[in-house]
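The structure appears below as structure tokens.
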Amino acid sequence: MRSNMGGVDKGGIRRVAMAVAGDMAAPLRSPCFFCQMARGSTSADLLFADEMVIAFRDIRPAAFRHYLVIPVKHIPTVKHLNRSTEDHHLVNHMLNVGKTLLERDAPQSNYRFGFHQPPFYSVDHLHLHCLALPFIPSWKRLKYSSLGHFGFIEADKLLAKIRPLSELSSQL
Ligand SMILES: [Zn+2]
Ligand SMILES: [Zn+2]
């Protein structure tokens, strides 16, 4: 292979380079990192796992305790959730898992639970931020507040938005 390169014109080298780049791009299209975590194919420490969700520590914590709860199923963002029993049940379960973990690990804290909305998310797999305050450093509160500019929606507000209509009427 290398011995052939000597006589190749510039166009030929460019074609070789593009072919290599094409090969390199293939792994990037494979399932996202959170999906791999959910399948247990990473060495990440999980705080919780069941058939619907997994929970783990945020690698860049913004508070005293900062966990993420994600669905096992790949759902890109909150915009992909519907007003349906299935999605409402899933988000409710994510919130309950996050609350249980924080109440265990930070029982005296105030909590914040919510999601970043497009375009303000860093990972293309739905994830619930579970924070036990205080924020560290304190300006991080802006990123996890509906008053900030980061499109944060609190979990309770999202649940109200996707609550199935049948459940609303049954509560009256
Ligand atoms: Zn995924
Ligand atoms: Zn996020």
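Chain labels A, B, ... are given in the sequence in which chains occur in the structure tokens; within each chain residues are numbered consecutively from 1, and ligands are likewise numbered from 1 in the order shown.
Shell of Tyr144 (chain A) at 9 Å, with only C-alpha atoms counted and residues fewer than 6 places along the chain excluded, is Ala62, Arg112, Phe113, Gly114, Phe115, His116, His129, Leu131, Phe150, Gly151, Phe152, Ile153 and Glu154 of chain A.
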- [ ] Quick one: everything within 7 Å of His125 (chain A), counting only C-alpha atoms, minus sequence neighbours fewer than 6 positions away in the same chain. Send it as a VMD selection string.
- [x] chain A and resid 34 74 to 77
Task: All residues having an atom within 12 Å of ligand 1 (only C-alpha atoms and all ligand atoms) as a VMD selection string - done: chain A and resid 29 to 39 53 to 54 70 to 77 123 to 127
Open item on the list: I need the residues of region 44-172 of chain A that end up classed as strand (DSSP E) by DSSP on the backbone, written out as a VMD selection string.
Closed with: chain A and resid 48 to 49 53 to 57 63 to 71 111 to 116 128 to 135 152 to 154
Selection export as an mmCIF file, in the first residue's frame, atoms kept: C-alpha atoms:
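Contents of out_19.cif, as written:
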```cif
data_model
loop_
_atom_site.group_PDB
_atom_site.id
_atom_site.type_symbol
_atom_site.label_atom_id
_atom_site.label_comp_id
_atom_site.auth_asym_id
_atom_site.auth_seq_id
_atom_site.Cartn_x
_atom_site.Cartn_y
_atom_site.Cartn_z
ATOM 1 C CA PHE A 48 -30.161 2.520 39.600
ATOM 2 C CA ALA A 49 -31.421 0.393 36.728
ATOM 3 C CA VAL A 53 -34.736 3.717 33.170
ATOM 4 C CA ILE A 54 -31.171 3.968 34.412
ATOM 5 C CA ALA A 55 -29.614 6.591 36.721
ATOM 6 C CA PHE A 56 -26.014 7.731 37.119
ATOM 7 C CA ARG A 57 -23.927 10.718 38.252
ATOM 8 C CA ALA A 63 -24.651 20.949 42.517
ATOM 9 C CA PHE A 64 -23.976 19.121 45.782
ATOM 10 C CA ARG A 65 -25.541 16.030 44.181
ATOM 11 C CA HIS A 66 -26.281 15.919 40.444
ATOM 12 C CA TYR A 67 -27.727 12.769 38.923
ATOM 13 C CA LEU A 68 -29.191 11.974 35.528
ATOM 14 C CA VAL A 69 -32.106 9.620 34.943
ATOM 15 C CA ILE A 70 -32.594 8.491 31.349
ATOM 16 C CA PRO A 71 -35.049 6.180 29.587
ATOM 17 C CA TYR A 111 -34.085 19.638 45.011
ATOM 18 C CA ARG A 112 -34.564 20.647 41.421
ATOM 19 C CA PHE A 113 -35.735 18.271 38.674
ATOM 20 C CA GLY A 114 -35.965 19.142 35.016
ATOM 21 C CA PHE A 115 -35.009 18.879 31.367
ATOM 22 C CA HIS A 116 -33.212 21.062 28.873
ATOM 23 C CA LEU A 128 -33.723 14.236 33.630
ATOM 24 C CA HIS A 129 -31.381 16.421 35.686
ATOM 25 C CA CYS A 130 -31.796 15.673 39.412
ATOM 26 C CA LEU A 131 -30.068 18.282 41.540
ATOM 27 C CA ALA A 132 -29.645 18.539 45.291
ATOM 28 C CA LEU A 133 -28.804 22.163 46.074
ATOM 29 C CA PRO A 134 -26.710 24.209 46.587
ATOM 30 C CA PHE A 135 -25.494 24.785 43.038
ATOM 31 C CA PHE A 152 -34.969 24.481 31.260
ATOM 32 C CA ILE A 153 -38.374 22.940 31.966
ATOM 33 C CA GLU A 154 -39.146 21.623 35.417
#
```
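Between CA of Pro61 (chain A) and CA of Pro137 (chain A) there is a distance of 9.7 Å.
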Open item on the list: For the structure I just gave you, how does DSSP split region 12-141 of chain A - specifically, which residues are helix (DSSP H, G or I)? Reply as a PyMOL selection string.
Closed with: chain A and resi 12-29+33-38+78-80+85-105+138-141
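Distances to ligand 2 were evaluated for A:His80, A:His93, A:Lys157, A:Lys143 using only C-alpha atoms and all ligand atoms, and the minimum falls at A:Lys143.
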Would you give me, as CSV, each residue of region 60-127 of chain A having an atom within 8 Å of an atom of region 158-167 of chain A, along with its shortest atom pair and that distance in Å to one decimal, using only C-alpha atoms and sorting by chain and residue number?
```
residue,atom,partner,partner_atom,distance
A:Leu81,CA,A:Ile162,CA,7.4
A:Asn82,CA,A:Ile162,CA,5.9
A:Arg83,CA,A:Ile162,CA,3.9
A:Ser84,CA,A:Pro164,CA,5.1
A:Thr85,CA,A:Pro164,CA,5.7
A:Asp87,CA,A:Ile162,CA,7.4
A:His88,CA,A:Arg163,CA,5.8
A:Val91,CA,A:Leu159,CA,7.0
A:Asn92,CA,A:Leu159,CA,7.1
```
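Residue nearest ligand 2, chosen from A:Asp58, A:Asp156, A:Asp105, A:Glu86 and counting only C-alpha atoms and all ligand atoms: A:Asp58.
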Task: d(CA of Leu46 (chain A), CA of Gly98 (chain A)) in Å - done: 12.6 Å
TODO: Would you mind reading off the distance between CA of Ser138 (chain A) and CA of Ala106 (chain A), one decimal, in Å?
DONE: 17.7 Å
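Candidate residues A:Ile136, A:Leu142, A:Ser41, A:Leu47 were compared for distance to Thr100 (chain A), and the nearest is A:Leu47, using only C-alpha atoms.
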